[in-house]
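Participant: Sharing input_37.tsv below, TSV, C-alpha atoms:
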```
chain	number	residue	atom	x	y	z
S	1	MET	CA	0.00	0.00	0.00
S	2	ARG	CA	2.76	2.40	0.94
S	3	LEU	CA	4.59	1.72	-2.34
S	4	LEU	CA	1.41	2.37	-4.26
S	5	TRP	CA	0.96	5.67	-2.39
S	6	LEU	CA	4.48	6.65	-3.29
S	7	ARG	CA	3.99	5.69	-6.89
S	8	HIS	CA	1.11	8.12	-7.48
S	9	PRO	CA	3.04	11.37	-6.94
S	10	LEU	CA	5.80	10.03	-9.15
S	11	LEU	CA	3.33	9.25	-11.89
S	12	VAL	CA	1.75	12.68	-11.52
S	13	LEU	CA	5.16	14.34	-11.71
S	14	LEU	CA	6.04	12.32	-14.79
S	15	ALA	CA	2.76	13.29	-16.45
S	16	VAL	CA	3.33	16.97	-15.70
S	17	GLN	CA	6.85	16.85	-17.08
S	18	THR	CA	5.60	15.12	-20.22
S	19	ALA	CA	2.83	17.66	-20.63
S	20	LEU	CA	5.25	20.55	-20.27
S	21	ALA	CA	7.68	19.05	-22.75
S	22	ALA	CA	4.98	18.37	-25.35
S	23	GLY	CA	2.77	21.34	-24.52
S	24	ASP	CA	1.54	24.15	-26.71
S	25	VAL	CA	3.82	27.04	-27.47
S	26	ASP	CA	1.91	30.20	-28.32
S	27	LYS	CA	3.66	33.04	-30.08
S	28	LYS	CA	2.35	36.43	-31.08
S	29	VAL	CA	3.29	37.71	-34.51
S	30	GLU	CA	2.33	41.37	-34.76
S	31	CYS	CA	3.07	42.24	-38.34
S	32	ASP	CA	2.07	45.85	-37.99
S	33	LYS	CA	4.93	46.14	-35.48
S	34	GLY	CA	7.40	44.55	-37.86
S	35	ASP	CA	7.17	40.89	-36.82
S	36	SER	CA	7.66	38.20	-39.44
S	37	ILE	CA	5.88	34.85	-39.73
S	38	THR	CA	8.91	33.29	-41.40
S	39	ALA	CA	11.14	34.34	-38.52
S	40	ALA	CA	8.66	33.11	-35.92
S	41	ALA	CA	8.41	29.73	-37.65
S	42	ALA	CA	12.12	29.15	-37.97
S	43	ASP	CA	14.14	26.72	-35.83
S	44	LEU	CA	11.21	25.19	-33.99
S	45	ALA	CA	11.68	22.18	-31.75
S	46	VAL	CA	10.39	18.82	-32.90
S	47	GLU	CA	8.56	17.81	-29.72
S	48	LYS	CA	6.20	20.74	-29.38
S	49	THR	CA	2.92	22.09	-30.73
S	50	TYR	CA	3.17	25.65	-31.97
S	51	VAL	CA	0.46	28.22	-32.55
S	52	LEU	CA	1.41	31.53	-34.13
S	53	HIS	CA	-1.23	34.18	-33.43
S	54	VAL	CA	-0.86	36.58	-36.33
S	55	SER	CA	-2.33	40.06	-36.49
S	56	GLY	CA	-2.07	42.98	-38.91
S	57	THR	CA	-0.75	42.92	-42.45
S	58	CYS	CA	2.39	40.89	-43.08
S	59	ASN	CA	4.30	42.08	-46.13
S	60	GLU	CA	6.41	39.01	-46.79
S	61	ASN	CA	6.73	35.76	-48.67
S	62	VAL	CA	6.39	33.20	-45.88
S	63	PHE	CA	8.74	30.23	-46.16
S	64	ILE	CA	8.48	27.21	-43.88
S	65	ASP	CA	10.85	24.38	-44.53
S	66	ASN	CA	11.40	21.07	-42.81
S	67	PHE	CA	9.00	21.53	-39.88
S	68	GLU	CA	8.83	18.15	-38.18
S	69	GLY	CA	7.29	19.18	-34.86
S	70	ILE	CA	3.97	17.92	-33.54
S	71	SER	CA	2.05	20.68	-35.32
S	72	LEU	CA	2.35	24.28	-36.43
S	73	THR	CA	-0.72	26.49	-36.73
S	74	ILE	CA	-0.48	29.93	-38.30
S	75	GLU	CA	-3.66	31.60	-37.25
S	76	GLY	CA	-5.10	35.01	-37.95
S	77	ASP	CA	-6.13	36.24	-34.54
S	78	PRO	CA	-8.87	37.05	-35.23
S	79	SER	CA	-7.72	37.73	-38.80
S	80	ALA	CA	-4.59	38.77	-40.65
S	81	THR	CA	-3.44	39.52	-44.15
S	82	ILE	CA	-0.31	38.19	-45.82
S	83	GLN	CA	0.63	40.35	-48.79
S	84	GLY	CA	3.19	38.75	-51.08
S	85	LEU	CA	6.31	40.51	-52.31
S	86	LEU	CA	8.03	40.63	-55.65
S	87	ASN	CA	11.22	38.62	-55.75
S	88	ASN	CA	14.18	38.98	-58.07
S	89	PRO	CA	15.14	36.64	-59.61
S	90	GLY	CA	12.08	34.44	-59.67
S	91	GLY	CA	8.79	35.09	-57.91
S	92	GLN	CA	7.96	33.01	-54.84
S	93	PRO	CA	4.62	31.84	-53.41
S	94	VAL	CA	3.11	34.10	-50.78
S	95	VAL	CA	3.11	31.11	-48.40
S	96	PHE	CA	5.42	28.23	-49.26
S	97	VAL	CA	5.49	25.15	-47.02
S	98	SER	CA	8.05	22.56	-48.03
S	99	ASN	CA	9.15	19.18	-46.63
S	100	SER	CA	7.00	19.57	-43.52
S	101	ARG	CA	4.16	18.00	-41.62
S	102	ARG	CA	0.97	19.16	-39.84
S	103	VAL	CA	1.14	22.79	-40.86
S	104	THR	CA	-2.21	24.57	-40.71
S	105	LEU	CA	-3.15	28.00	-42.04
S	106	VAL	CA	-6.37	29.44	-40.67
S	107	ASN	CA	-8.28	32.75	-40.64
S	108	LEU	CA	-5.97	34.41	-43.15
S	109	THR	CA	-6.33	36.60	-46.22
S	110	ILE	CA	-3.49	35.77	-48.61
S	111	GLN	CA	-2.82	38.05	-51.55
S	112	THR	CA	-0.42	37.72	-54.44
S	113	THR	CA	1.35	40.77	-55.78
S	114	GLY	CA	1.74	41.49	-59.47
S	115	GLY	CA	0.51	39.52	-62.41
S	116	VAL	CA	2.31	37.18	-64.77
S	117	THR	CA	5.80	38.64	-64.98
S	118	PRO	CA	8.64	36.48	-63.61
S	119	ASN	CA	9.14	38.34	-60.35
S	120	ASP	CA	5.48	38.26	-59.30
S	121	ASN	CA	3.98	35.81	-56.82
S	122	PRO	CA	3.02	32.75	-58.90
S	123	VAL	CA	0.95	31.13	-56.14
S	124	GLY	CA	-0.97	32.16	-53.04
S	125	VAL	CA	-0.33	29.02	-50.98
S	126	ALA	CA	2.04	26.26	-52.11
S	127	PHE	CA	2.44	22.96	-50.26
S	128	ASN	CA	5.29	20.83	-51.51
S	129	LEU	CA	5.88	17.48	-49.79
S	130	CYS	CA	3.60	18.45	-46.92
S	131	ARG	CA	1.90	15.72	-44.86
S	132	GLY	CA	-1.27	16.35	-42.86
S	133	CYS	CA	-1.34	19.99	-43.87
S	134	GLN	CA	-4.43	22.18	-43.97
S	135	VAL	CA	-5.79	25.52	-45.10
S	136	SER	CA	-9.08	26.54	-43.56
S	137	ASN	CA	-11.43	29.49	-43.24
S	138	SER	CA	-9.28	31.72	-45.42
S	139	VAL	CA	-9.44	33.84	-48.56
S	140	VAL	CA	-6.87	33.78	-51.36
S	141	ASN	CA	-6.83	36.67	-53.81
S	142	THR	CA	-4.61	35.82	-56.75
S	143	SER	CA	-3.81	36.72	-60.30
S	144	ARG	CA	-2.13	33.36	-60.86
S	145	VAL	CA	-2.75	30.16	-58.83
S	146	GLY	CA	-4.68	30.20	-55.58
S	147	ILE	CA	-3.53	27.00	-53.85
S	148	ASN	CA	-1.03	24.55	-55.30
S	149	LEU	CA	-0.38	21.07	-53.88
S	150	ILE	CA	2.56	18.99	-55.10
S	151	ASN	CA	3.26	15.55	-53.63
S	152	THR	CA	1.20	16.59	-50.65
S	153	GLN	CA	-1.52	15.23	-48.40
S	154	ALA	CA	-3.77	18.13	-47.41
S	155	THR	CA	-7.22	19.26	-46.38
S	156	ILE	CA	-8.78	22.43	-47.79
S	157	VAL	CA	-11.82	23.64	-45.83
S	158	GLY	CA	-13.97	26.74	-46.17
S	159	ILE	CA	-11.78	28.52	-48.69
S	160	THR	CA	-12.66	31.33	-51.07
S	161	ILE	CA	-10.31	31.84	-54.00
S	162	ASN	CA	-10.74	34.97	-56.07
S	163	GLY	CA	-8.85	34.81	-59.35
S	164	SER	CA	-8.37	38.15	-61.00
S	165	ALA	CA	-6.67	37.56	-64.33
S	166	MET	CA	-6.81	35.55	-67.50
S	167	GLY	CA	-5.34	32.12	-67.01
S	168	SER	CA	-5.53	32.07	-63.25
S	169	SER	CA	-6.31	28.79	-61.51
S	170	GLY	CA	-8.06	28.22	-58.20
S	171	LEU	CA	-6.77	24.93	-56.82
S	172	THR	CA	-4.16	22.79	-58.56
S	173	VAL	CA	-3.33	19.33	-57.24
S	174	LEU	CA	-0.30	17.69	-58.79
S	175	GLY	CA	2.12	14.82	-58.48
S	176	ASP	CA	0.67	12.04	-56.32
S	177	SER	CA	-1.06	14.43	-53.97
S	178	ASN	CA	-4.08	13.46	-51.92
S	179	ALA	CA	-6.52	16.23	-51.04
S	180	THR	CA	-9.82	16.52	-49.24
S	181	VAL	CA	-11.65	19.69	-50.22
S	182	ILE	CA	-14.72	20.91	-48.37
S	183	ASN	CA	-16.65	24.04	-49.23
S	184	LEU	CA	-14.32	25.57	-51.77
S	185	SER	CA	-15.57	28.62	-53.62
S	186	ALA	CA	-13.32	29.41	-56.57
S	187	THR	CA	-14.19	32.39	-58.72
S	188	ALA	CA	-12.36	34.09	-61.54
S	189	LEU	CA	-13.06	36.97	-63.83
S	190	LEU	CA	-11.43	36.33	-67.17
S	191	VAL	CA	-10.38	39.57	-68.75
S	192	GLU	CA	-10.11	39.77	-72.50
S	193	SER	CA	-9.70	43.01	-74.39
S	194	GLY	CA	-11.27	45.01	-71.68
S	195	CYS	CA	-14.33	42.83	-71.66
S	196	TRP	CA	-15.17	41.43	-68.27
S	197	TRP	CA	-15.90	37.78	-68.87
S	198	ILE	CA	-18.52	36.79	-66.39
S	199	ARG	CA	-21.02	35.04	-68.59
S	200	ALA	CA	-20.48	33.85	-72.11
S	201	ALA	CA	-23.42	35.88	-73.26
S	202	VAL	CA	-21.56	39.06	-72.44
S	203	CYS	CA	-18.64	38.60	-74.83
S	204	ASP	CA	-17.68	36.83	-78.02
S	205	SER	CA	-17.02	33.26	-76.99
S	206	THR	CA	-15.17	32.32	-80.17
S	207	ARG	CA	-12.01	33.96	-78.90
S	208	PHE	CA	-11.73	31.24	-76.29
S	209	LEU	CA	-12.35	28.27	-78.58
T	1	MET	CA	-5.47	17.91	-60.99
T	2	ASP	CA	-2.67	16.01	-62.62
T	3	GLN	CA	-0.05	13.31	-62.23
T	4	GLY	CA	-1.92	10.68	-60.28
T	5	SER	CA	-3.31	12.96	-57.60
T	6	ARG	CA	-6.48	12.16	-55.69
T	7	VAL	CA	-9.01	14.74	-54.53
T	8	ARG	CA	-12.25	14.42	-52.63
T	9	LEU	CA	-14.39	17.53	-53.01
T	10	ASN	CA	-17.31	17.92	-50.66
T	11	ALA	CA	-19.86	20.54	-49.82
T	12	ILE	CA	-21.46	20.64	-46.42
T	13	PRO	CA	-24.50	22.90	-46.01
T	14	VAL	CA	-25.20	25.61	-45.11
T	15	SER	CA	-22.24	26.65	-47.16
T	16	SER	CA	-21.44	25.02	-50.48
T	17	SER	CA	-18.71	24.59	-53.06
T	18	SER	CA	-18.65	26.48	-56.31
T	19	ASN	CA	-16.30	26.97	-59.19
T	20	GLN	CA	-16.93	29.70	-61.71
T	21	GLY	CA	-15.42	32.12	-64.16
T	22	TYR	CA	-12.38	30.11	-65.22
T	23	SER	CA	-11.43	28.84	-68.62
T	24	VAL	CA	-12.08	25.31	-67.32
T	25	GLY	CA	-13.92	24.89	-64.05
T	26	MET	CA	-12.36	21.55	-63.08
T	27	GLN	CA	-9.72	19.62	-64.97
T	28	VAL	CA	-8.82	16.04	-64.07
T	29	ARG	CA	-5.97	14.61	-66.11
T	30	GLY	CA	-2.90	12.41	-66.16
T	31	GLY	CA	-4.29	9.53	-64.10
T	32	ALA	CA	-5.71	11.80	-61.42
T	33	SER	CA	-8.90	10.90	-59.56
T	34	LEU	CA	-11.59	13.29	-58.35
T	35	GLU	CA	-14.49	12.37	-56.10
T	36	ALA	CA	-16.97	15.22	-55.71
T	37	ALA	CA	-20.06	14.75	-53.60
T	38	ALA	CA	-22.62	16.94	-51.92
T	39	PRO	CA	-26.06	16.51	-50.34
T	40	CYS	CA	-27.79	18.19	-53.28
T	41	ASN	CA	-31.36	18.03	-52.09
T	42	PRO	CA	-31.94	20.39	-53.86
T	43	VAL	CA	-29.67	23.02	-52.26
T	44	GLY	CA	-26.16	22.41	-51.03
T	45	CYS	CA	-24.97	21.13	-54.41
T	46	ILE	CA	-21.50	21.65	-55.77
T	47	ASP	CA	-21.87	24.17	-58.59
T	48	VAL	CA	-19.55	24.42	-61.57
T	49	HIS	CA	-20.85	27.29	-63.61
T	50	ASP	CA	-20.10	30.12	-66.01
T	51	ASN	CA	-16.73	28.84	-67.19
T	52	ALA	CA	-15.50	29.95	-70.58
T	53	LEU	CA	-14.37	26.67	-72.19
T	54	SER	CA	-15.74	23.75	-70.20
T	55	GLY	CA	-17.30	23.18	-66.84
T	56	VAL	CA	-15.33	19.97	-66.39
T	57	GLN	CA	-12.62	18.28	-68.45
T	58	ILE	CA	-11.62	14.69	-67.69
T	59	ILE	CA	-8.63	13.79	-69.84
T	60	SER	CA	-6.99	10.45	-69.09
T	61	GLY	CA	-8.35	10.71	-65.57
T	62	GLN	CA	-11.40	9.62	-63.63
T	63	ALA	CA	-14.10	11.53	-61.83
T	64	THR	CA	-17.04	10.51	-59.66
T	65	PHE	CA	-19.72	13.16	-59.23
T	66	ASN	CA	-22.67	12.97	-56.90
T	67	GLY	CA	-24.72	16.12	-56.54
T	68	VAL	CA	-22.67	18.32	-58.87
T	69	ASN	CA	-24.50	20.88	-60.99
T	70	VAL	CA	-22.75	21.93	-64.19
T	71	THR	CA	-24.54	24.97	-65.52
T	72	ASN	CA	-24.13	27.81	-67.99
T	73	ASN	CA	-20.68	26.86	-69.20
T	74	ASN	CA	-19.58	27.02	-72.82
T	75	GLN	CA	-19.52	23.19	-72.72
T	76	GLY	CA	-20.69	20.97	-69.88
T	77	ILE	CA	-18.45	17.94	-69.25
T	78	LEU	CA	-15.79	16.66	-71.64
T	79	VAL	CA	-14.51	13.11	-71.12
T	80	GLN	CA	-11.72	12.11	-73.48
T	81	ASN	CA	-8.51	10.14	-74.02
T	82	SER	CA	-9.45	7.16	-71.87
T	83	GLY	CA	-11.26	9.23	-69.28
T	84	THR	CA	-14.01	7.82	-67.10
T	85	LEU	CA	-16.92	9.64	-65.52
T	86	SER	CA	-19.54	8.53	-63.04
T	87	TYR	CA	-22.33	11.09	-62.75
T	88	ALA	CA	-25.20	10.72	-60.33
T	89	GLY	CA	-28.08	12.94	-59.35
T	90	PRO	CA	-29.84	14.70	-57.95
T	91	ALA	CA	-28.01	17.15	-60.14
T	92	SER	CA	-28.25	18.89	-63.50
T	93	ILE	CA	-26.17	19.70	-66.54
T	94	THR	CA	-27.91	22.61	-68.15
T	95	GLY	CA	-27.42	25.80	-70.09
T	96	SER	CA	-24.21	24.96	-71.96
T	97	MET	CA	-24.09	27.76	-74.47
T	98	GLY	CA	-21.31	27.04	-76.98
T	99	GLY	CA	-23.53	26.50	-79.97
T	100	LEU	CA	-23.25	22.98	-81.41
T	101	GLY	CA	-20.19	22.49	-79.20
T	102	GLY	CA	-22.23	23.29	-76.14
T	103	VAL	CA	-22.78	19.61	-75.35
T	104	GLY	CA	-24.01	18.54	-71.92
T	105	ILE	CA	-21.63	15.53	-71.76
T	106	LEU	CA	-19.22	14.73	-74.59
T	107	VAL	CA	-17.55	11.32	-74.26
T	108	THR	CA	-14.88	10.68	-76.85
T	109	HIS	CA	-11.62	8.93	-77.73
T	110	ASN	CA	-11.86	5.61	-75.92
T	111	SER	CA	-13.68	6.96	-72.88
T	112	HIS	CA	-16.63	5.85	-70.78
T	113	ALA	CA	-19.33	7.50	-68.72
T	114	VAL	CA	-22.01	6.04	-66.49
T	115	ILE	CA	-25.00	8.22	-65.68
T	116	PHE	CA	-27.17	7.30	-62.73
T	117	GLY	CA	-30.78	8.41	-62.59
T	118	THR	CA	-32.50	9.37	-59.40
T	119	ASN	CA	-36.07	10.03	-58.46
T	120	THR	CA	-35.19	12.04	-55.40
T	121	SER	CA	-35.31	15.83	-55.24
T	122	THR	CA	-34.80	17.42	-58.65
T	123	GLY	CA	-33.66	14.21	-60.40
T	124	THR	CA	-30.86	13.72	-62.90
T	125	ASN	CA	-31.29	16.23	-65.70
T	126	ILE	CA	-29.35	16.99	-68.85
T	127	THR	CA	-31.46	19.69	-70.39
T	128	GLY	CA	-31.34	23.03	-72.17
T	129	ASN	CA	-27.86	22.77	-73.63
T	130	SER	CA	-27.16	24.41	-76.96
T	131	GLY	CA	-25.60	21.21	-78.39
T	132	ARG	CA	-26.49	17.59	-77.77
T	133	GLY	CA	-27.44	16.47	-74.31
T	134	VAL	CA	-25.05	13.50	-74.54
T	135	ALA	CA	-22.65	12.91	-77.46
T	136	VAL	CA	-20.54	9.75	-77.79
T	137	ALA	CA	-17.71	9.33	-80.29
T	138	SER	CA	-14.47	7.54	-81.20
T	139	ASN	CA	-14.72	4.14	-79.52
T	140	SER	CA	-16.47	5.40	-76.44
T	141	SER	CA	-19.49	4.29	-74.46
T	142	VAL	CA	-22.14	5.60	-72.10
T	143	GLN	CA	-24.14	3.51	-69.68
T	144	PHE	CA	-27.45	4.78	-68.31
T	145	VAL	CA	-28.55	3.26	-65.04
T	146	GLY	CA	-32.11	3.41	-63.69
T	147	PRO	CA	-34.49	3.60	-61.99
T	148	MET	CA	-36.92	3.87	-64.86
T	149	ASN	CA	-37.54	7.35	-66.27
T	150	ALA	CA	-35.27	8.92	-63.67
T	151	THR	CA	-32.78	10.41	-66.11
T	152	ASN	CA	-34.21	13.29	-68.10
T	153	ILE	CA	-32.32	14.22	-71.28
T	154	THR	CA	-34.60	16.59	-73.10
T	155	GLY	CA	-34.81	20.09	-74.54
T	156	ASN	CA	-31.32	20.19	-75.93
T	157	ASN	CA	-30.86	21.90	-79.26
T	158	GLY	CA	-30.21	19.93	-82.39
T	159	ALA	CA	-32.22	17.15	-83.91
T	160	PHE	CA	-31.42	14.61	-81.21
T	161	ASN	CA	-30.75	14.77	-77.50
T	162	ILE	CA	-28.38	11.78	-77.56
T	163	ALA	CA	-26.04	11.12	-80.49
T	164	CYS	CA	-23.27	8.64	-81.28
T	165	ASP	CA	-20.88	7.93	-84.09
T	166	GLY	CA	-20.66	4.45	-85.59
T	167	SER	CA	-17.86	3.28	-83.30
T	168	SER	CA	-19.60	4.02	-80.05
T	169	LEU	CA	-22.21	2.40	-77.85
T	170	ILE	CA	-24.88	3.41	-75.37
T	171	THR	CA	-26.67	1.04	-73.04
T	172	GLY	CA	-29.61	1.34	-70.67
T	173	THR	CA	-31.80	3.41	-72.97
T	174	SER	CA	-34.90	1.77	-71.50
T	175	THR	CA	-34.25	3.57	-68.23
T	176	LEU	CA	-34.43	7.03	-69.79
T	177	ALA	CA	-37.39	9.33	-69.76
T	178	ALA	CA	-38.72	9.87	-73.28
T	179	THR	CA	-36.04	11.42	-75.43
T	180	THR	CA	-34.60	11.41	-78.94
T	181	ILE	CA	-31.61	9.25	-79.81
T	182	THR	CA	-29.49	8.71	-82.91
T	183	CYS	CA	-27.15	5.86	-82.11
T	184	VAL	CA	-26.64	2.86	-84.35
T	185	ASP	CA	-25.36	0.77	-81.47
T	186	GLN	CA	-27.71	1.14	-78.55
T	187	GLN	CA	-29.03	-1.37	-76.05
T	188	PRO	CA	-32.10	-1.02	-73.84
T	189	SER	CA	-30.48	-2.98	-71.04
T	190	SER	CA	-28.03	-1.17	-68.82
T	191	VAL	CA	-25.71	-4.14	-68.58
T	192	VAL	CA	-25.65	-6.17	-71.78
T	193	ILE	CA	-24.77	-9.84	-71.46
T	194	PRO	CA	-23.60	-11.21	-74.79
```
Would you encode the structure as structure tokens?
Facilitator:
Amino acid sequence: MRLLWLRHPLLVLLAVQTALAAGDVDKKVECDKGDSITAAAADLAVEKTYVLHVSGTCNENVFIDNFEGISLTIEGDPSATIQGLLNNPGGQPVVFVSNSRRVTLVNLTIQTTGGVTPNDNPVGVAFNLCRGCQVSNSVVNTSRVGINLINTQATIVGITINGSAMGSSGLTVLGDSNATVINLSATALLVESGCWWIRAAVCDSTRFL
Amino acid sequence: MDQGSRVRLNAIPVSSSSNQGYSVGMQVRGGASLEAAAPCNPVGCIDVHDNALSGVQIISGQATFNGVNVTNNNQGILVQNSGTLSYAGPASITGSMGGLGGVGILVTHNSHAVIFGTNTSTGTNITGNSGRGVAVASNSSVQFVGPMNATNITGNNGAFNIACDGSSLITGTSTLAATTITCVDQQPSSVVIP
């Protein structure tokens, strides 16, 4: 009986230590004060769960590479905007997650900058070799591709993609990816010779055939 | 979608999924697989509409649709180059507006489509397209599956609502609501046993 009594506090202590080691880590990213999501998501430990609470407008191309922690959530708190930047040479996605797992983007407005020239943002959100990744409750405004998945396993939930130029794509899923998509609203306005292409009846359809 | 990818597209009311204003609303190609399903009864459907070239293109890929409306596109659904389509209602393919090319479903170049009728909600409808309702060509086939009179292919422009070339086959014509068909090789039974 006495041994059993002694065992309980030890077990409790062990559980507390485990919980602390594997517990949530919350970080504030206040972009209007100059914080960067990329910087906040760099060099994270593998045994923890991270939540980045983002506010304001972040003028950056977010790059997350090789995150192998328990999970990483980048959350607009309550909302945030990520505005992409031009990059020379070669435009980059506004949010690029590569070789990572369990990365979630939520409550964000993600906007590409520029159009179709080489230095513009080609993609709003790009997941490349991402496992268990997710984008939810967010808006992507793009003149190119909204969300691009390559060799990725992802869930897309409650997303609005607004395409704003000829040839833009909403969601592209490539290269042995596996995606679950729930409540996706993808809309584009195809512009041709100053004619806003909303319904075929408005313009001359033969130009597109 | 391309290169062997798999996607499951769902809509859960009260919100829904929609895809509009692109050149092609959805494109499934290169061995990719798309499963799109929604409780379309009659709201809450997935809507692919007002796209400039095609609502859906399935090119060497496969797609399974349940509760997907394809409306007011230049062309409805194109299945080609060994593509396969499974389309089930309640749902509608209507208002394709590309003249004779504004076909509801065009199945061509060694491809296959199976169209399931339903008597629930608004039914399975391929109506009001500017071209054929269903057109089948180049060693392709379409299978209609009952229940009886549950698939409505009517009111499409042109002399016939369903048309085939000489190399193609449709089966299950007995399950269709009254329509007009010009297919040399057609079978009333959905599954034909030689």
Participant: Could you work out how far CA of Thr187 in chain S lies from CA of Thr73 in chain S, giving the answer in Å with one decimal?
Facilitator: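 Taking CA of Thr73 in chain S and CA of Thr187 in chain S, their separation equals 26.5 Å.
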Participant: Which residues of chain T are close to chain S, meaning at most 10 Å apart when you count only C-alpha atoms, and how do they look as a count of residues only?
Facilitator: 55
Participant: Excluding same-chain residues fewer than 3 positions from range 112-125 of chain T, what lies within 7 Å of it counting all atoms listed in the file, as number ranges by chain?
Facilitator: T: 41-42, 83-93, 107, 140-147, 150-153
Participant: CA of Thr171 in chain T to CA of Gly104 in chain T: how many Å, to one decimal?
Facilitator: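 Between CA of Thr171 in chain T and CA of Gly104 in chain T the gap works out to 17.7 Å.
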Participant: Rounded to one decimal in Å, what is the spacing between CA of Asn121 in chain S and CA of Cys31 in chain S?
Facilitator: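 Interatomic distance, CA of Asn121 in chain S to CA of Cys31 in chain S: 19.6 Å.
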Participant: Can you complete the atoms of range 31-42 of chain S to N, CA and C atoms and list them as a PDB file, keeping the file's coordinate frame?
Facilitator:
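Produced file selection18.pdb, reproduced below:
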```pdb
ATOM      1  N   CYS S  31       2.427  41.779 -37.109  1.00  0.00           N
ATOM      2  CA  CYS S  31       3.070  42.240 -38.340  1.00  0.00           C
ATOM      3  C   CYS S  31       3.099  43.751 -38.456  1.00  0.00           C
ATOM      4  N   ASP S  32       2.082  44.390 -37.920  1.00  0.00           N
ATOM      5  CA  ASP S  32       2.070  45.850 -37.990  1.00  0.00           C
ATOM      6  C   ASP S  32       3.187  46.470 -37.145  1.00  0.00           C
ATOM      7  N   LYS S  33       3.790  45.660 -36.266  1.00  0.00           N
ATOM      8  CA  LYS S  33       4.930  46.140 -35.480  1.00  0.00           C
ATOM      9  C   LYS S  33       6.257  45.599 -36.029  1.00  0.00           C
ATOM     10  N   GLY S  34       6.173  44.994 -37.206  1.00  0.00           N
ATOM     11  CA  GLY S  34       7.400  44.550 -37.860  1.00  0.00           C
ATOM     12  C   GLY S  34       7.748  43.084 -37.675  1.00  0.00           C
ATOM     13  N   ASP S  35       6.880  42.323 -36.992  1.00  0.00           N
ATOM     14  CA  ASP S  35       7.170  40.890 -36.820  1.00  0.00           C
ATOM     15  C   ASP S  35       7.040  40.160 -38.150  1.00  0.00           C
ATOM     16  N   SER S  36       7.677  39.017 -38.226  1.00  0.00           N
ATOM     17  CA  SER S  36       7.660  38.200 -39.440  1.00  0.00           C
ATOM     18  C   SER S  36       7.214  36.779 -39.112  1.00  0.00           C
ATOM     19  N   ILE S  37       6.312  36.244 -39.934  1.00  0.00           N
ATOM     20  CA  ILE S  37       5.880  34.850 -39.730  1.00  0.00           C
ATOM     21  C   ILE S  37       7.038  33.901 -40.002  1.00  0.00           C
ATOM     22  N   THR S  38       7.783  34.158 -41.051  1.00  0.00           N
ATOM     23  CA  THR S  38       8.910  33.290 -41.400  1.00  0.00           C
ATOM     24  C   THR S  38       9.906  33.212 -40.246  1.00  0.00           C
ATOM     25  N   ALA S  39      10.194  34.341 -39.644  1.00  0.00           N
ATOM     26  CA  ALA S  39      11.140  34.340 -38.520  1.00  0.00           C
ATOM     27  C   ALA S  39      10.573  33.593 -37.328  1.00  0.00           C
ATOM     28  N   ALA S  40       9.267  33.774 -37.073  1.00  0.00           N
ATOM     29  CA  ALA S  40       8.660  33.110 -35.920  1.00  0.00           C
ATOM     30  C   ALA S  40       8.573  31.598 -36.112  1.00  0.00           C
ATOM     31  N   ALA S  41       8.557  31.162 -37.375  1.00  0.00           N
ATOM     32  CA  ALA S  41       8.410  29.730 -37.650  1.00  0.00           C
ATOM     33  C   ALA S  41       9.739  29.037 -37.913  1.00  0.00           C
ATOM     34  N   ALA S  42      10.804  29.745 -37.702  1.00  0.00           N
ATOM     35  CA  ALA S  42      12.120  29.150 -37.970  1.00  0.00           C
ATOM     36  C   ALA S  42      12.661  28.465 -36.720  1.00  0.00           C
TER      37      ALA S  42
END
```
